[in-house]
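Novice: So that you have it, the file is structure03.cif, and it contains mmCIF, C-alpha atoms and all ligand atoms:
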```cif
data_model
#
loop_
_atom_site.label_atom_id
_atom_site.label_comp_id
_atom_site.auth_asym_id
_atom_site.auth_seq_id
_atom_site.Cartn_x
_atom_site.Cartn_y
_atom_site.Cartn_z
CA MET J 1 0.00 0.00 0.00
CA GLU J 2 1.36 3.41 -1.01
CA LEU J 3 0.13 6.54 0.83
CA CYS J 4 0.88 10.26 0.89
CA SER J 5 -0.01 13.30 2.98
CA ILE J 6 -3.54 14.68 2.81
CA THR J 7 -5.79 17.22 4.52
CA GLY J 8 -9.47 17.37 5.41
CA LEU J 9 -10.64 13.93 6.53
CA ARG J 10 -14.36 14.47 7.04
CA GLY J 11 -17.35 12.25 7.61
CA LYS J 12 -18.99 9.52 9.62
CA VAL J 13 -17.65 5.97 9.89
CA THR J 14 -18.36 2.79 11.81
CA VAL J 15 -15.65 0.32 12.67
CA PRO J 16 -16.01 -3.49 12.75
CA GLY J 17 -17.00 -5.43 15.85
CA ASP J 18 -14.62 -5.73 18.77
CA LYS J 19 -12.04 -8.50 18.31
CA SER J 20 -11.88 -9.53 21.98
CA VAL J 21 -15.66 -9.64 22.30
CA SER J 22 -16.09 -11.51 18.98
CA HIS J 23 -13.69 -14.30 20.08
CA ARG J 24 -15.50 -14.70 23.37
CA CYS J 25 -18.97 -14.90 21.76
CA ILE J 26 -17.86 -17.90 19.69
CA MET J 27 -16.09 -19.63 22.57
CA PHE J 28 -18.77 -19.13 25.20
CA GLY J 29 -21.54 -19.82 22.68
CA SER J 30 -19.89 -23.14 21.78
CA ILE J 31 -19.77 -24.37 25.38
CA ALA J 32 -23.22 -23.00 26.23
CA LYS J 33 -26.51 -24.86 25.83
CA GLY J 34 -28.70 -23.58 23.02
CA THR J 35 -28.19 -20.98 20.35
CA THR J 36 -26.01 -17.89 20.49
CA GLU J 37 -26.86 -15.24 17.90
CA ILE J 38 -24.08 -12.73 17.22
CA HIS J 39 -24.55 -9.43 15.40
CA ASN J 40 -21.69 -7.19 14.22
CA PHE J 41 -19.19 -10.06 14.59
CA LEU J 42 -15.66 -9.22 13.40
CA LYS J 43 -14.87 -11.40 10.39
CA GLY J 44 -11.14 -10.82 10.76
CA ALA J 45 -8.64 -13.65 10.38
CA ASP J 46 -8.11 -14.01 14.16
CA CYS J 47 -11.81 -14.48 14.97
CA LEU J 48 -12.28 -16.74 11.95
CA ALA J 49 -9.52 -18.92 13.44
CA THR J 50 -11.61 -19.26 16.60
CA ILE J 51 -14.64 -20.30 14.53
CA ARG J 52 -12.48 -22.84 12.67
CA CYS J 53 -11.22 -24.38 15.92
CA PHE J 54 -14.70 -24.88 17.37
CA ARG J 55 -15.98 -26.33 14.10
CA THR J 56 -13.09 -28.80 14.28
CA MET J 57 -14.55 -29.85 17.66
CA GLY J 58 -18.01 -30.51 16.24
CA ILE J 59 -19.75 -27.16 16.83
CA ASP J 60 -22.17 -26.05 14.13
CA ILE J 61 -21.51 -22.34 13.44
CA LYS J 62 -23.55 -20.71 10.66
CA GLU J 63 -22.43 -17.51 8.95
CA THR J 64 -24.59 -15.09 7.01
CA ASP J 65 -23.68 -11.52 6.05
CA ASP J 66 -25.26 -10.09 9.22
CA VAL J 67 -25.44 -12.84 11.80
CA ILE J 68 -23.31 -15.65 13.15
CA THR J 69 -25.28 -18.43 14.84
CA VAL J 70 -23.49 -20.80 17.18
CA HIS J 71 -25.32 -24.01 18.05
CA GLY J 72 -23.75 -24.63 21.43
CA LYS J 73 -23.52 -28.14 22.86
CA GLY J 74 -23.13 -27.31 26.53
CA LEU J 75 -20.13 -27.38 28.85
CA HIS J 76 -19.40 -31.04 28.08
CA GLY J 77 -20.46 -31.18 24.43
CA LEU J 78 -17.21 -30.58 22.52
CA HIS J 79 -15.85 -33.50 20.48
CA ALA J 80 -12.21 -34.50 20.22
CA PRO J 81 -10.82 -32.35 17.36
CA SER J 82 -10.63 -34.12 14.03
CA ASP J 83 -7.32 -32.33 13.33
CA ILE J 84 -4.64 -30.13 14.92
CA LEU J 85 -6.31 -26.84 15.98
CA ASP J 86 -4.98 -24.08 13.72
CA VAL J 87 -4.98 -20.81 15.69
CA GLY J 88 -3.31 -18.74 12.94
CA ASN J 89 -1.90 -15.45 14.27
CA SER J 90 -4.24 -15.29 17.26
CA GLY J 91 -2.92 -15.15 20.82
CA THR J 92 -6.44 -14.77 22.19
CA THR J 93 -7.60 -17.98 20.48
CA THR J 94 -4.56 -19.88 21.75
CA ARG J 95 -4.66 -18.80 25.37
CA LEU J 96 -8.43 -18.79 25.99
CA LEU J 97 -8.96 -22.02 24.07
CA SER J 98 -6.19 -23.71 26.10
CA GLY J 99 -8.17 -22.97 29.27
CA ILE J 100 -11.24 -24.67 27.80
CA LEU J 101 -9.24 -27.61 26.39
CA ALA J 102 -7.56 -28.23 29.74
CA GLY J 103 -10.97 -29.27 31.10
CA GLN J 104 -11.91 -31.65 28.28
CA PRO J 105 -11.82 -35.47 28.38
CA PHE J 106 -9.87 -35.66 25.10
CA GLU J 107 -6.44 -34.84 23.70
CA SER J 108 -5.77 -31.82 21.52
CA LYS J 109 -2.94 -30.01 19.78
CA LEU J 110 -2.84 -26.31 18.93
CA SER J 111 -0.48 -24.56 16.55
CA GLY J 112 -0.29 -21.22 14.76
CA ASP J 113 1.83 -19.18 12.37
CA GLU J 114 5.50 -18.29 12.94
CA SER J 115 4.71 -15.20 15.04
CA LEU J 116 2.16 -17.02 17.19
CA ASN J 117 4.46 -20.00 17.71
CA SER J 118 7.13 -17.70 19.13
CA ARG J 119 4.92 -15.98 21.72
CA PRO J 120 5.21 -16.98 25.40
CA MET J 121 2.81 -19.69 26.57
CA LYS J 122 4.47 -20.48 29.93
CA ARG J 123 2.28 -17.73 31.35
CA ILE J 124 -0.73 -20.03 30.86
CA MET J 125 1.02 -23.40 31.15
CA GLU J 126 2.18 -22.63 34.67
CA PRO J 127 -1.20 -21.78 36.26
CA LEU J 128 -3.01 -24.48 34.27
CA THR J 129 -0.49 -27.07 35.47
CA ARG J 130 -1.06 -25.90 39.03
CA MET J 131 -4.77 -26.56 38.47
CA GLY J 132 -3.95 -30.16 37.48
CA ALA J 133 -4.00 -29.69 33.71
CA ASN J 134 -1.70 -31.63 31.39
CA ILE J 135 -0.33 -29.08 28.97
CA SER J 136 3.07 -29.04 27.33
CA SER J 137 5.03 -27.20 24.71
CA ILE J 138 5.71 -29.78 21.99
CA LEU J 139 9.10 -28.24 21.11
CA ARG J 140 9.86 -27.68 24.84
CA ASN J 141 10.50 -23.98 24.23
CA GLY J 142 7.59 -22.60 26.25
CA CYS J 143 5.69 -21.77 23.04
CA ALA J 144 3.06 -23.33 20.78
CA PRO J 145 2.57 -25.92 19.32
CA LEU J 146 0.88 -27.07 22.53
CA TYR J 147 -0.30 -30.53 23.50
CA ILE J 148 -3.14 -30.86 26.02
CA SER J 149 -4.41 -34.13 27.47
CA PRO J 150 -7.13 -34.81 30.06
CA GLY J 151 -6.44 -33.85 33.69
CA LYS J 152 -8.58 -33.45 36.78
CA LEU J 153 -8.78 -29.72 37.48
CA HIS J 154 -8.76 -28.13 40.95
CA GLY J 155 -9.74 -24.61 41.86
CA ILE J 156 -6.73 -22.43 42.69
CA HIS J 157 -5.95 -18.85 43.51
CA TYR J 158 -3.44 -17.43 41.06
CA ASP J 159 -1.47 -14.25 41.63
CA SER J 160 -0.63 -13.29 38.08
CA PRO J 161 2.65 -11.44 37.52
CA VAL J 162 1.17 -9.73 34.43
CA ALA J 163 -2.00 -7.75 33.79
CA SER J 164 -3.15 -9.92 30.90
CA ALA J 165 -6.77 -10.61 29.98
CA GLN J 166 -5.66 -13.64 28.00
CA VAL J 167 -4.00 -15.20 31.05
CA LYS J 168 -6.89 -14.24 33.34
CA SER J 169 -9.51 -15.55 30.90
CA CYS J 170 -7.63 -18.80 30.32
CA ILE J 171 -7.62 -19.57 34.04
CA LEU J 172 -11.26 -18.54 34.55
CA LEU J 173 -12.36 -20.75 31.65
CA ALA J 174 -10.45 -23.71 33.07
CA GLY J 175 -12.17 -22.82 36.35
CA LEU J 176 -15.52 -23.72 34.74
CA TYR J 177 -14.25 -27.33 34.77
CA ALA J 178 -12.56 -27.31 38.22
CA ASP J 179 -13.79 -28.87 41.45
CA GLY J 180 -14.06 -25.58 43.37
CA GLU J 181 -13.60 -21.82 43.18
CA THR J 182 -10.83 -20.45 40.95
CA SER J 183 -9.61 -16.90 41.30
CA VAL J 184 -7.02 -14.70 39.61
CA THR J 185 -5.48 -11.53 40.97
CA GLU J 186 -3.69 -9.29 38.49
CA PRO J 187 -1.42 -6.31 39.22
CA SER J 188 -3.92 -3.96 37.57
CA LEU J 189 -7.22 -4.57 35.84
CA SER J 190 -6.95 -5.85 32.26
CA ARG J 191 -9.92 -5.91 29.85
CA ASN J 192 -12.88 -7.55 31.59
CA HIS J 193 -14.98 -8.82 28.67
CA THR J 194 -14.71 -12.41 29.92
CA GLU J 195 -16.13 -11.48 33.31
CA LEU J 196 -18.95 -9.37 31.82
CA MET J 197 -19.93 -11.86 29.14
CA LEU J 198 -19.63 -15.07 31.17
CA ARG J 199 -22.01 -13.49 33.68
CA GLU J 200 -24.53 -12.87 30.86
CA PHE J 201 -24.17 -16.56 29.89
CA GLY J 202 -25.12 -17.53 33.47
CA ALA J 203 -21.71 -18.25 35.05
CA ASP J 204 -21.12 -17.67 38.75
CA ILE J 205 -18.35 -15.08 38.41
CA ARG J 206 -17.36 -12.16 40.63
CA SER J 207 -14.93 -9.25 40.33
CA SER J 208 -13.37 -7.16 43.07
CA HIS J 209 -10.83 -4.39 43.39
CA ALA J 210 -8.30 -3.92 46.18
CA LEU J 211 -8.86 -0.63 48.00
CA ASP J 212 -5.23 0.20 48.69
CA THR J 213 -3.53 -1.03 45.48
CA THR J 214 -4.36 -1.27 41.78
CA LYS J 215 -4.77 -5.06 42.11
CA ALA J 216 -7.96 -6.64 40.76
CA THR J 217 -9.39 -10.12 41.35
CA ALA J 218 -11.89 -12.20 39.39
CA ALA J 219 -13.30 -15.43 40.82
CA ILE J 220 -15.42 -18.17 39.23
CA SER J 221 -17.21 -21.18 40.63
CA PRO J 222 -18.13 -24.19 38.51
CA CYS J 223 -21.73 -24.19 37.26
CA LYS J 224 -23.94 -26.84 35.63
CA GLU J 225 -24.36 -25.08 32.30
CA LEU J 226 -23.97 -21.80 30.44
CA TYR J 227 -26.88 -20.65 28.27
CA GLY J 228 -26.81 -19.22 24.72
CA GLN J 229 -27.32 -15.47 24.32
CA LYS J 230 -28.13 -12.86 21.72
CA ILE J 231 -25.19 -10.46 21.46
CA THR J 232 -24.47 -7.31 19.48
CA VAL J 233 -20.72 -6.76 19.43
CA PRO J 234 -19.70 -3.12 20.00
CA GLY J 235 -17.39 -1.42 17.49
CA ASP J 236 -13.73 -2.10 18.33
CA ILE J 237 -12.05 0.85 20.07
CA SER J 238 -8.70 -0.60 18.97
CA SER J 239 -9.83 -0.15 15.34
CA ALA J 240 -11.46 3.22 16.06
CA ALA J 241 -8.08 4.32 17.44
CA TYR J 242 -6.68 4.75 13.90
CA PHE J 243 -9.48 7.13 12.93
CA ILE J 244 -9.27 8.96 16.26
CA ALA J 245 -5.58 9.56 15.58
CA ALA J 246 -6.20 10.51 11.94
CA GLY J 247 -8.93 12.98 12.96
CA LEU J 248 -6.62 14.62 15.49
CA ILE J 249 -3.45 14.91 13.40
CA VAL J 250 -4.61 15.39 9.78
CA PRO J 251 -5.21 19.13 9.22
CA ASP J 252 -8.79 20.34 8.80
CA SER J 253 -10.46 17.06 9.84
CA GLU J 254 -13.65 16.21 11.66
CA ILE J 255 -14.61 12.53 12.04
CA LEU J 256 -17.54 10.92 13.83
CA ILE J 257 -16.94 7.25 14.68
CA GLU J 258 -20.22 5.59 15.61
CA ASN J 259 -21.05 2.71 18.00
CA VAL J 260 -17.64 2.26 19.61
CA GLY J 261 -17.19 0.16 22.77
CA ILE J 262 -15.79 2.39 25.51
CA ASN J 263 -15.49 -0.18 28.31
CA PRO J 264 -13.18 1.59 30.81
CA THR J 265 -10.75 -1.36 30.71
CA ARG J 266 -10.22 -0.54 27.01
CA ALA J 267 -10.63 3.20 26.78
CA GLY J 268 -7.25 4.49 27.98
CA ILE J 269 -6.60 6.03 24.57
CA LEU J 270 -9.41 8.52 25.12
CA LYS J 271 -7.74 9.86 28.26
CA VAL J 272 -4.35 10.02 26.53
CA CYS J 273 -5.85 12.01 23.64
CA GLU J 274 -7.35 14.45 26.13
CA ASP J 275 -4.04 14.68 28.02
CA MET J 276 -2.34 15.51 24.72
CA GLY J 277 -4.78 18.34 24.07
CA GLY J 278 -7.01 16.46 21.60
CA ASP J 279 -10.49 17.76 20.78
CA ILE J 280 -12.45 14.59 21.39
CA ALA J 281 -16.05 14.17 22.59
CA LEU J 282 -18.22 11.19 23.52
CA LEU J 283 -21.79 11.44 22.24
CA ASN J 284 -24.85 9.27 22.75
CA GLU J 285 -23.35 7.18 25.59
CA ARG J 286 -25.30 3.99 26.38
CA THR J 287 -24.87 0.43 27.72
CA GLU J 288 -25.68 -2.74 25.72
CA GLY J 289 -25.11 -6.30 26.97
CA GLY J 290 -23.07 -4.99 29.90
CA GLU J 291 -20.70 -3.03 27.61
CA LYS J 292 -20.57 0.79 27.40
CA ILE J 293 -20.87 2.28 23.91
CA ALA J 294 -20.63 5.80 22.48
CA ASP J 295 -20.10 7.76 19.28
CA ILE J 296 -16.71 9.50 19.23
CA LEU J 297 -16.27 12.91 17.60
CA VAL J 298 -12.72 14.08 16.88
CA ARG J 299 -11.44 17.30 15.34
CA THR J 300 -7.95 18.36 14.29
CA SER J 301 -5.99 19.51 17.33
CA ARG J 302 -2.60 20.83 18.31
CA LEU J 303 -1.24 17.90 20.33
CA HIS J 304 1.49 18.07 22.95
CA GLY J 305 3.59 15.37 24.60
CA THR J 306 2.56 13.46 27.72
CA THR J 307 3.67 10.64 30.02
CA ILE J 308 1.83 7.32 29.78
CA GLU J 309 2.57 4.89 32.61
CA GLY J 310 1.17 2.68 35.37
CA ASP J 311 -2.24 1.09 35.46
CA ILE J 312 -3.54 2.89 32.35
CA ILE J 313 -1.17 0.75 30.24
CA PRO J 314 -3.34 -2.43 30.07
CA THR J 315 -6.29 -0.26 28.97
CA LEU J 316 -4.45 0.93 25.85
CA ILE J 317 -1.80 -1.70 25.21
CA ASP J 318 -2.92 -2.43 21.62
CA GLU J 319 -3.20 1.28 20.83
CA ILE J 320 0.42 2.14 21.69
CA PRO J 321 1.63 1.95 18.06
CA VAL J 322 -0.87 4.60 16.96
CA ILE J 323 -0.42 6.65 20.15
CA ALA J 324 3.31 6.66 19.33
CA VAL J 325 2.46 8.05 15.89
CA MET J 326 0.45 10.87 17.48
CA ALA J 327 3.35 11.56 19.85
CA ALA J 328 5.74 11.71 16.90
CA VAL J 329 3.89 14.73 15.47
CA ALA J 330 2.98 16.34 18.81
CA GLU J 331 4.87 19.23 20.33
CA GLY J 332 7.42 18.15 22.94
CA THR J 333 8.29 14.80 24.46
CA THR J 334 6.12 11.76 25.17
CA VAL J 335 7.34 9.08 27.56
CA ILE J 336 5.77 5.60 27.51
CA LYS J 337 6.71 3.39 30.51
CA ASP J 338 5.56 0.16 32.20
CA ALA J 339 4.74 -1.35 28.81
CA ALA J 340 7.22 -4.26 28.59
CA GLU J 341 4.26 -6.41 27.43
CA LEU J 342 4.71 -4.73 24.04
CA LYS J 343 7.68 -7.04 23.50
CA VAL J 344 5.47 -10.16 23.37
CA LYS J 345 2.76 -9.00 21.00
CA GLU J 346 2.47 -10.08 17.33
CA THR J 347 5.93 -8.49 16.98
CA ASP J 348 8.20 -6.90 19.58
CA ARG J 349 6.32 -3.62 19.32
CA ILE J 350 8.95 -1.60 21.17
CA GLU J 351 11.26 -2.52 18.33
CA THR J 352 8.80 -2.37 15.40
CA VAL J 353 7.32 0.96 16.50
CA THR J 354 10.65 2.67 17.20
CA ASP J 355 12.30 1.26 14.03
CA SER J 356 9.36 2.49 11.92
CA LEU J 357 9.29 5.91 13.58
CA ARG J 358 13.05 6.26 13.03
CA ALA J 359 12.63 5.33 9.37
CA MET J 360 10.22 8.27 9.14
CA GLY J 361 12.78 10.64 10.66
CA CYS J 362 11.46 10.73 14.23
CA ASP J 363 13.75 11.26 17.22
CA VAL J 364 12.78 8.23 19.33
CA THR J 365 14.60 6.11 21.90
CA PRO J 366 13.46 2.60 22.80
CA THR J 367 13.65 1.70 26.51
CA GLU J 368 13.28 -1.57 28.44
CA ASP J 369 9.57 -0.98 29.03
CA GLY J 370 8.51 1.59 26.47
CA MET J 371 9.95 4.50 24.50
CA ILE J 372 10.72 8.21 24.56
CA ILE J 373 9.45 10.16 21.57
CA ASN J 374 10.38 13.73 20.65
CA GLY J 375 7.71 15.16 18.39
CA GLY J 376 8.54 16.82 15.06
CA ARG J 377 7.91 16.39 11.32
CA LEU J 378 7.76 12.95 9.70
CA LYS J 379 8.98 12.01 6.25
CA GLY J 380 7.73 9.21 4.01
CA ALA J 381 9.49 5.83 4.23
CA SER J 382 9.14 2.12 3.54
CA ILE J 383 7.56 0.51 6.59
CA HIS J 384 8.38 -3.11 7.36
CA THR J 385 5.25 -4.30 9.15
CA LEU J 386 6.71 -7.76 9.82
CA LEU J 387 3.09 -8.87 9.24
CA ASP J 388 1.92 -7.04 12.37
CA HIS J 389 -1.56 -5.65 11.63
CA ARG J 390 -1.31 -2.84 14.16
CA ILE J 391 2.01 -1.63 12.74
CA ALA J 392 0.47 -1.56 9.24
CA MET J 393 -2.50 0.53 10.36
CA ALA J 394 -0.64 2.86 12.74
CA PHE J 395 1.93 3.75 10.08
CA SER J 396 -0.74 4.19 7.42
CA ILE J 397 -1.97 7.02 9.65
CA ALA J 398 1.58 8.37 10.05
CA ALA J 399 1.83 8.42 6.24
CA LEU J 400 -1.06 10.91 6.06
CA VAL J 401 1.02 13.62 7.75
CA ALA J 402 4.49 12.71 6.43
CA LYS J 403 6.35 14.64 3.76
CA GLY J 404 6.62 12.42 0.68
CA ASN J 405 5.30 8.95 -0.04
CA THR J 406 5.13 6.04 2.38
CA LYS J 407 5.04 2.39 1.43
CA ILE J 408 3.45 -0.03 3.88
CA LEU J 409 4.94 -3.44 3.11
CA ASP J 410 2.67 -6.49 3.49
CA SER J 411 -0.27 -4.22 4.30
CA LYS J 412 -2.60 -7.16 3.69
CA CYS J 413 -1.93 -8.21 7.30
CA VAL J 414 -4.63 -5.70 8.34
CA GLU J 415 -7.03 -8.58 7.67
CA VAL J 416 -6.09 -10.00 11.09
CA SER J 417 -8.27 -7.47 12.90
CA TYR J 418 -9.66 -5.03 10.32
CA PRO J 419 -10.07 -6.44 6.78
CA THR J 420 -11.91 -3.31 5.55
CA PHE J 421 -9.49 -0.77 7.06
CA TYR J 422 -8.49 0.86 3.77
CA ASP J 423 -12.12 0.92 2.53
CA THR J 424 -13.33 2.76 5.66
CA PHE J 425 -10.50 5.15 5.18
CA GLU J 426 -11.59 5.95 1.62
CA GLN J 427 -15.03 6.98 2.91
CA LEU J 428 -13.35 9.96 4.59
CA LEU J 429 -11.51 11.28 1.55
C1 LIG J 501 -6.73 -9.60 24.45
C2 LIG J 501 -5.87 -9.24 25.45
C3 LIG J 501 -4.63 -8.48 25.24
C4 LIG J 501 -4.61 -7.79 23.89
C5 LIG J 501 -5.06 -8.70 22.79
C6 LIG J 501 -6.48 -9.19 23.04
C7 LIG J 501 -7.94 -10.37 24.76
O1 LIG J 501 -3.54 -9.37 25.30
O2 LIG J 501 -3.31 -7.31 23.62
O3 LIG J 501 -5.04 -8.04 21.54
O4 LIG J 501 -8.85 -10.46 23.92
O5 LIG J 501 -8.03 -10.90 25.89
P1 LIG J 501 -2.81 -9.76 26.71
O6 LIG J 501 -3.78 -10.49 27.54
O7 LIG J 501 -1.65 -10.62 26.30
O8 LIG J 501 -2.38 -8.46 27.30
#
```
Could the structure of this file be written out as structure tokens, please?

Specialist:
Amino acid sequence: MELCSITGLRGKVTVPGDKSVSHRCIMFGSIAKGTTEIHNFLKGADCLATIRCFRTMGIDIKETDDVITVHGKGLHGLHAPSDILDVGNSGTTTRLLSGILAGQPFESKLSGDESLNSRPMKRIMEPLTRMGANISSILRNGCAPLYISPGKLHGIHYDSPVASAQVKSCILLAGLYADGETSVTEPSLSRNHTELMLREFGADIRSSHALDTTKATAAISPCKELYGQKITVPGDISSAAYFIAAGLIVPDSEILIENVGINPTRAGILKVCEDMGGDIALLNERTEGGEKIADILVRTSRLHGTTIEGDIIPTLIDEIPVIAVMAAVAEGTTVIKDAAELKVKETDRIETVTDSLRAMGCDVTPTEDGMIINGGRLKGASIHTLLDHRIAMAFSIAALVAKGNTKILDSKCVEVSYPTFYDTFEQLL
């Protein structure tokens, strides 16, 4: 994809359904009794991988243009997979599915693409093993491919060293199959879609917050069954983030992004935009299926640098590439700290973001847990996405304000989370 600088992005857009919520609808619908009807499902490669895995375990999932219907078979209705479970590029599929598989009376193997098979899985293998699960890394390197065989699961309390919704959700899902209560405490609250949605499906699940620290705990008790639901997936704030950034940094722009999920465990980018001086407003706020939703109006603004650190990090972890782009054209310095988790995403995003910013002429320094960005002018460059969808989209936005042309290499990887990204973009021209 080749892009150049523009002005005047104007109009109204919607973004596809939330990736995290879409995965969970398929998973919970598959192990629930009855039918789950999903509207605004994200048909991105990651969520399609989740559908593929559950079909391989005998779940009938029907797709039309507007609705996905999952014919769930109950907590104990999955069949042994007819094949190795192909999780593609999707960390969420791998980690949440492993929690479910740990409680099944059959063997399974999971494997993904090169990036996925190099991401850390010890973070789930360790707590699952403590619960009594039999899970191993086939190549003994702490990564997928994973092999899971039947084990009798016990409820545990797990003090997680990382604020990760994938780790938390994996343990809670295994907890559905354990012999007692399972709880997870994380250093600060990560996205809570699992807790919100499992409750809607009828699970006995509770959340609490420590009063004196940022720690958060979620606890689940085994139940007899979950029950199918009708769900409308909110627009993905992680996808909206690209248009929020574009609206703020492209001169003479005004963009309304409709129906975006603004769950507080996901909405850190909104606060950062405000802190940077962005003109951003939430309209028409409402709650649907336990999730907060709003329309987001952004207008071109003079941004300035800020510091992003501490417990806001898990609420914007996937948005850091595009936040870094905003920082690169803001006045002054932006410091991003406490974000070492960036190193274990689809790529090492401390490296991919800082390498790409440098290629565009930005004064940026990578650190152990983030980066320091001095704002200025960007120039066009060739961006090596390394097949990371968020790098492709973040630097497509950078291209809009850079001097000269920018080439996004392997831009097709946007299909992982936002197959229609470039089409939505055209609506604003
Ligand atoms: C996700 C959790 C986050 C996020 C990922 C989706 C989820 O990962 O980066 O894109 O759906 O639970 P971690 O749990 O590894 O932080």

Novice: Between J:Thr182, J:Thr352, J:Thr94, J:Thr64, which has the minimum distance to ligand LIG 501 (chain J) (counting all atoms listed in the file)?

Specialist: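 For ligand LIG 501 (chain J), the nearest of the given residues is J:Thr94.
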
Novice: Within 8 Å of ligand LIG 501 (chain J), counting all atoms listed in the file, which protein or nucleic acid residues do you find, written as a CSV table (one decimal) with C-alpha atoms, in the frame of the given file?

Specialist:
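Saved result, selection-v9.csv, follows:
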```
chain,number,residue,atom,x,y,z
J,19,LYS,CA,-12.0,-8.5,18.3
J,20,SER,CA,-11.9,-9.5,22.0
J,21,VAL,CA,-15.7,-9.6,22.3
J,23,HIS,CA,-13.7,-14.3,20.1
J,24,ARG,CA,-15.5,-14.7,23.4
J,91,GLY,CA,-2.9,-15.2,20.8
J,92,THR,CA,-6.4,-14.8,22.2
J,96,LEU,CA,-8.4,-18.8,26.0
J,163,ALA,CA,-2.0,-7.8,33.8
J,164,SER,CA,-3.2,-9.9,30.9
J,165,ALA,CA,-6.8,-10.6,30.0
J,166,GLN,CA,-5.7,-13.6,28.0
J,167,VAL,CA,-4.0,-15.2,31.0
J,168,LYS,CA,-6.9,-14.2,33.3
J,169,SER,CA,-9.5,-15.6,30.9
J,190,SER,CA,-7.0,-5.8,32.3
J,191,ARG,CA,-9.9,-5.9,29.8
J,193,HIS,CA,-15.0,-8.8,28.7
J,194,THR,CA,-14.7,-12.4,29.9
J,314,PRO,CA,-3.3,-2.4,30.1
J,317,ILE,CA,-1.8,-1.7,25.2
J,318,ASP,CA,-2.9,-2.4,21.6
J,341,GLU,CA,4.3,-6.4,27.4
J,344,VAL,CA,5.5,-10.2,23.4
J,345,LYS,CA,2.8,-9.0,21.0
```

Novice: Residues near Gly72 (chain J), anyone? I mean within 10 Å using all atoms listed in the file, not counting same-chain ones fewer than 5 positions away, as an MDAnalysis selection string.

Specialist: chainID J and resid 26:36 54 58:61 77:78 226:228

Novice: Let me make sure I understand: among J:Leu429, J:Ala339, J:Cys47, J:Ile373, which one has the smallest atom-to-atom distance to Glu415 (chain J) if we use only C-alpha atoms?

Specialist: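 For Glu415 (chain J), the nearest of the given residues is J:Cys47.
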
Novice: Could I get the residues of region 228-295 of chain J with an atom no further than 7 Å from an atom of region 396-406 of chain J, each paired with its nearest atom pair and that distance in Å to one decimal, using all atoms listed in the file, sorted by chain and residue number, as a tab-separated table?

Specialist:
```
residue	atom	partner	partner_atom	distance
J:Tyr242	CA	J:Ile397	CA	6.7
J:Ala246	CA	J:Ile397	CA	5.9
J:Val250	CA	J:Val401	CA	6.2
```

Novice: Between CA of Asp311 (chain J) and CA of Thr214 (chain J), what distance in Å does the model show, to one decimal?

Specialist: 7.1 Å

Novice: Give me, as JSON lines, the closest atom pair and its distance (Å, one decimal) for every residue of region 287-395 of chain J within a cut-off of 10 Å of region 109-130 of chain J, counting all atoms listed in the file, rows sorted by chain and rising number.

Specialist:
```
{"residue": "J:Lys343", "atom": "CA", "partner": "J:Arg119", "partner_atom": "CA", "distance": 9.5}
{"residue": "J:Val344", "atom": "CA", "partner": "J:Arg119", "partner_atom": "CA", "distance": 6.1}
{"residue": "J:Lys345", "atom": "CA", "partner": "J:Arg119", "partner_atom": "CA", "distance": 7.3}
{"residue": "J:Glu346", "atom": "CA", "partner": "J:Ser115", "partner_atom": "CA", "distance": 6.0}
{"residue": "J:Thr347", "atom": "CA", "partner": "J:Ser115", "partner_atom": "CA", "distance": 7.1}
{"residue": "J:Asp348", "atom": "CA", "partner": "J:Arg119", "partner_atom": "CA", "distance": 9.9}
{"residue": "J:Leu386", "atom": "CA", "partner": "J:Ser115", "partner_atom": "CA", "distance": 9.3}
{"residue": "J:Leu387", "atom": "CA", "partner": "J:Ser115", "partner_atom": "CA", "distance": 8.7}
{"residue": "J:Asp388", "atom": "CA", "partner": "J:Ser115", "partner_atom": "CA", "distance": 9.0}
```

Novice: For CA of Leu153 (chain J) and CA of Glu186 (chain J), determine how far apart the two atoms are, in Å to one decimal place.

Specialist: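 Distance between the two atoms: 21.1 Å.
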
Novice: Please measure the separation of CA of Tyr147 (chain J) and CA of Pro187 (chain J), giving the value in Å to one decimal.

Specialist: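 CA of Pro187 (chain J) lies 28.9 Å from CA of Tyr147 (chain J).
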
Novice: Taking only C-alpha atoms into account, produce a table as a tab-separated table in which each residue of region 290-367 of chain J with an atom at most 10 Å from an atom of region 232-236 of chain J appears once, together with its shortest atom pair and the distance in Å to one decimal, ordered by chain and rising number.

Specialist:
```
residue	atom	partner	partner_atom	distance
J:Glu291	CA	J:Pro234	CA	7.7
J:Lys292	CA	J:Pro234	CA	8.4
J:Ile293	CA	J:Pro234	CA	6.8
J:Ala294	CA	J:Pro234	CA	9.3
J:Asp295	CA	J:Gly235	CA	9.7
```

Novice: Extract, using all atoms listed in the file, all DNA, RNA and protein residues at most 10 Å from Gly361 (chain J), discarding same-chain residues fewer than 2 positions from it, and format them as a PyMOL selection string.

Specialist: chain J and resi 328+355-359+363-364+376-381+402

Novice: If we count all atoms listed in the file and set the cut-off at 9 Å, which residues sit around Ile255 (chain J), ignoring sequence neighbours fewer than 6 positions away in its own chain? Please answer as a PyMOL selection string.

Specialist: chain J and resi 9-13+243-244+246-248+296-299+428

Novice: Using only C-alpha atoms and a cutoff of 7 Å, can you tell me which residues are near (-1.8, 8.0, 16.5) in the file's coordinates, and write them out as number ranges by chain?

Specialist: J: 242, 245-246, 322-326, 394, 397

Novice: Using all atoms listed in the file, which of J:Asp46, J:Cys143, J:Ala174, J:His76 sits nearest Gly99 (chain J)?

Specialist: J:Ala174
